[in-house]
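What follows is one structure encoded as structure tokens, with my remarks underneath.
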Amino acid sequence: MTGRRKSDGFVVPKKRANNEREHGPRASQGSLYTGTKAETPDTDKSEPTAAGAAARTAERVEGRKPTKGNAVELNRSRTQRRADLQSKLDRVRAVARRDKEEKFTALWHHVYDVDRLREAYFAIRRSAASGVDGVTWSAYGQDLEANLADLSKRLRRGAYRARPVRRVHIPKGSGGTRPIGVPVLEDKIVQRATSEVLNAVYEQDFLGFSYGFRPGRKPHDALDALWVALHARKVSYVLDADIRGFFDAIDHGCLMRFVEHRIGDVRVHRHIKKWLNAGVFEEDYVRRVKEGTPQGGSVSPLLANIYLHYVFDLWIEDWRRRHARGEVIVVRYADDFVLGFQYRSDAERLLRALKERLAQFALELHPDKTRLIEFGRFAVRTREKRGHGKPETFDFLGFTHYCGWTRNGKFNVKRRTIRERVRSKLREVKTELTRRMHGPVIEMARWLRSVLEGHFRYFGVPGNQQAMSRLRYEVVRLWRRCLRRRSQRTRMAWSAIWKLADRWLPLPRAVHPYPSQRLRVGT
């Protein structure tokens with residue numbers, strides 16, 4: 001026991017003897033053969049006989065030793081957890097990461113798994129708009145398990161049918177409208193489940209400068225990557241580009257050929273074609289579309305990323321490695337991307353080649369949103385020598401980027417909220433306050449607080465406090481104007497409205513850290 005050898009386990013299983021509480025050989029025989037409790041002989045319990053002592057220990061069983069090594073672990077836990085669904089796709093991720101030419105021919109069973117469909121259902125926003133069938137999230141969930149089981153059976157046997165997408169138009173910050181498609185709830189569930197399965201493959205293929213609509217990546221990751229690249233790399237020119245009507249111009253034939261490069265499961269192909277050809281319900285009739293994918297569906301962002309991965313990402317990665325004379329940086333978020341160049345000749349040559357490349361796939365750059373400007377720390381010095389003043393600015397993901405200086409005199413890329421975004425937000429606030437004019441003041445205060453908190457949560461980057469403070473002041477002014485117009489006898493002084501504002505409305509602050517700090521922690 002005290003030697004330096006292999007020791008027994010800390011916990012050894014035991015088994016009680018059959019006659020542990022009984023005395024004498026007759027008691028042992030009675031309990032063994034008759035199955036009844038044996039009578040205890042009339043002996044003094046304090047002085048057991050030798051035979052009785054032997055009977056108490058004769059049938060004691062030795063415990064088993066613990067098994068060597070780890071026991072076989074089940075791939076599935078005893079409770080329903082998200083880790084189980086993720087573990088099913090681990091082999092898919094491993095194969096996709098190891099072999100970039102592998103075709104996956106058996107993926108559809110991951111999609112119609114009831115657990116995955118249930119997870120996709122709960123991932124949908126509760127207040128999401130309903131499609132053409134009018135079924136809401138809560139109505140579908142009243143008999144959730146039966147509905148999911150029926151949906152899984154239809155997906156398995158190929159009886160699932162995609163419904164037309166209801167199209168609505170939402171206003172854009174630039175003054176126009178953006179068409180958004182609203183699929184039915186079952187289409188949302190299946191599309192979300194399909195996207196999760198396909199992401200296991202394509203997340204191993206997508207390049208690092210692609211940030212749009214990818215799991216684990218946010219718009220601020222793209223903004224931080226651009227900020228760090230403009231500081232650390234030799235950038236003198238910036239090409240700010242946008243593809244005109246990208247989601248409405250995607251060619252279905254090219255898209256399916258791109259999908260077939262990695263996905264060989266014909267059932268996945270069939271259902272993607274169903275969603276593309278389902279049509280758009282607008283103005284009381286269904287219109288069939290031969291190109292484009294409607295924005296609003298869960299699978300549309302993934303299909304857009306697949307399309308741009310083959311059309312743009314792989315092509316520009318090869319171009320800057322083979323043809324560029326200087327450094328070239330790329331940051332892409334969906335169809336909006338920013339390119340940085342060291343030399344102007346590289347920028348002009350790439351712009352010409354990019355237009356030709358996009359034209360091969362029925363795409364074109366937006367003429368009003370595509371500009372080549374001088375930007376960066378080298379451009380500041382060059383323009384000062386020529387007497388041209390400060391470099392121009394460009395917009396990306398809601399922020400206007402412009403050249404500035406720190407307190408120590410070092411170059412700094414500063415960011416502020418796009419002015420048109422501020423004006424659009426104030427117009428929305430004014431319209432909603434007019435609608436809520438005669439409601440309780442507390443309800444108006446809570447709604448304004450939620451609006452400002454959401455705005456500050458996105459635009460709260462270092463250096464943008466002035467723009468956020470200006471927005472808060474304008475919101476307070478509109479609130480005071482609304483309260484004064486509730487009645488001709490109401491007089492709301494500035495001191496009173498500022499007391500309400502200081503109590504209910506949040507103050508602007510930098511929610512996000514400096515980009516260098518975020519990326520340092522991330523790596």
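Ligands are numbered from 1 in the order shown, chains are lettered A, B, ... in the order of the structure tokens, and residues start at 1 in each chain.
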
Please provide the set of residues having any atom within 7 Å of Phe394 (chain A), restricted to only C-alpha atoms, with same-chain residues fewer than 6 positions apart removed, written as a ChimeraX atom specification.
-> /A:240,400-401

Would you mind exporting all heavy atoms of the selected residues as an mmCIF file, in the first residue's frame?
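This is the output file out20.cif:
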```cif
data_model
loop_
_atom_site.group_PDB
_atom_site.id
_atom_site.type_symbol
_atom_site.label_atom_id
_atom_site.label_comp_id
_atom_site.auth_asym_id
_atom_site.auth_seq_id
_atom_site.Cartn_x
_atom_site.Cartn_y
_atom_site.Cartn_z
ATOM 1 N N ASP A 240 -13.238 53.610 -53.009
ATOM 2 C CA ASP A 240 -14.493 53.297 -52.328
ATOM 3 C C ASP A 240 -15.512 52.903 -53.390
ATOM 4 O O ASP A 240 -15.896 53.734 -54.227
ATOM 5 C CB ASP A 240 -14.980 54.506 -51.527
ATOM 6 C CG ASP A 240 -16.294 54.245 -50.828
ATOM 7 O OD1 ASP A 240 -16.605 53.066 -50.585
ATOM 8 O OD2 ASP A 240 -17.014 55.217 -50.535
ATOM 9 N N THR A 400 -18.201 58.328 -41.851
ATOM 10 C CA THR A 400 -17.370 59.119 -42.747
ATOM 11 C C THR A 400 -15.944 59.094 -42.225
ATOM 12 O O THR A 400 -15.679 59.505 -41.088
ATOM 13 C CB THR A 400 -17.873 60.567 -42.825
ATOM 14 O OG1 THR A 400 -19.204 60.578 -43.362
ATOM 15 C CG2 THR A 400 -16.976 61.411 -43.716
ATOM 16 N N HIS A 401 -15.026 58.603 -43.036
ATOM 17 C CA HIS A 401 -13.618 58.505 -42.650
ATOM 18 C C HIS A 401 -12.872 59.723 -43.199
ATOM 19 O O HIS A 401 -12.998 60.039 -44.391
ATOM 20 C CB HIS A 401 -12.992 57.226 -43.196
ATOM 21 C CG HIS A 401 -13.586 55.972 -42.620
ATOM 22 N ND1 HIS A 401 -14.876 55.566 -42.868
ATOM 23 C CD2 HIS A 401 -13.052 55.029 -41.794
ATOM 24 C CE1 HIS A 401 -15.111 54.428 -42.231
ATOM 25 N NE2 HIS A 401 -14.023 54.083 -41.576
#
```

Trp504 (chain A): which residues within 7 Å, counting only C-alpha atoms, same-chain residues fewer than 3 positions away excluded, as a list in words?
->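 The residues that qualify are Ala445, Arg449, Leu500 and Ala501 of chain A.
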
Per DSSP on the backbone, what are the helix (DSSP H, G or I) residues of region 96-305 of chain A, as a count of residues only?
-> 100

Measure the distance from CA of Gly212 (chain A) to CA of Pro301 (chain A) in Å and round it to one decimal.
->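 The value is 8.0 Å.
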
Residues near Glu282 (chain A), cut-off 8 Å, only C-alpha atoms, skip fewer than 6 positions along chain, as a ChimeraX atom specification = /A:166-168

Atoms to include: C-alpha atoms. Write the selected residues as an mmCIF file, in the first residue's frame.
```cif
data_model
loop_
_atom_site.group_PDB
_atom_site.id
_atom_site.type_symbol
_atom_site.label_atom_id
_atom_site.label_comp_id
_atom_site.auth_asym_id
_atom_site.auth_seq_id
_atom_site.Cartn_x
_atom_site.Cartn_y
_atom_site.Cartn_z
ATOM 1 C CA ARG A 166 -43.808 39.190 -49.892
ATOM 2 C CA ARG A 167 -41.949 42.316 -50.974
ATOM 3 C CA VAL A 168 -41.953 45.549 -48.990
#
```

Arg178 (chain A) environment, 12 Å, only C-alpha atoms, sequence neighbours closer than 4 positions dropped, as JSON, numbers by chain = {"A": [167, 168, 169, 170, 171, 172, 173, 174, 245, 246, 247, 248, 294, 295, 296]}

Can you list every residue of region 229-259 of chain A that has an atom at most 9 Å from region 338-350 of chain A, with its nearest atom pair and the distance in Å to one decimal, using only C-alpha atoms, ordered by chain then number, as a Markdown table?
```
| residue | atom | partner | partner_atom | distance |
| --- | --- | --- | --- | --- |
| A:Ala229 | CA | A:Gly340 | CA | 8.5 |
| A:Leu230 | CA | A:Gly340 | CA | 7.7 |
| A:Arg233 | CA | A:Gln342 | CA | 8.5 |
| A:Lys234 | CA | A:Gln342 | CA | 5.5 |
| A:Val235 | CA | A:Gln342 | CA | 4.7 |
| A:Ser236 | CA | A:Gln342 | CA | 5.2 |
| A:Tyr237 | CA | A:Phe341 | CA | 5.1 |
| A:Val238 | CA | A:Gly340 | CA | 4.5 |
| A:Leu239 | CA | A:Leu339 | CA | 5.0 |
| A:Asp240 | CA | A:Val338 | CA | 4.8 |
| A:Ala241 | CA | A:Val338 | CA | 6.3 |
| A:Asp242 | CA | A:Val338 | CA | 8.7 |
```

List the neighbours of Thr136 (chain A) out to 12 Å using only C-alpha atoms; skip same-chain residues closer than 6 positions along the sequence, and give me the result as a PyMOL selection string.
-> chain A and resi 121+124-130+142+182-186+188
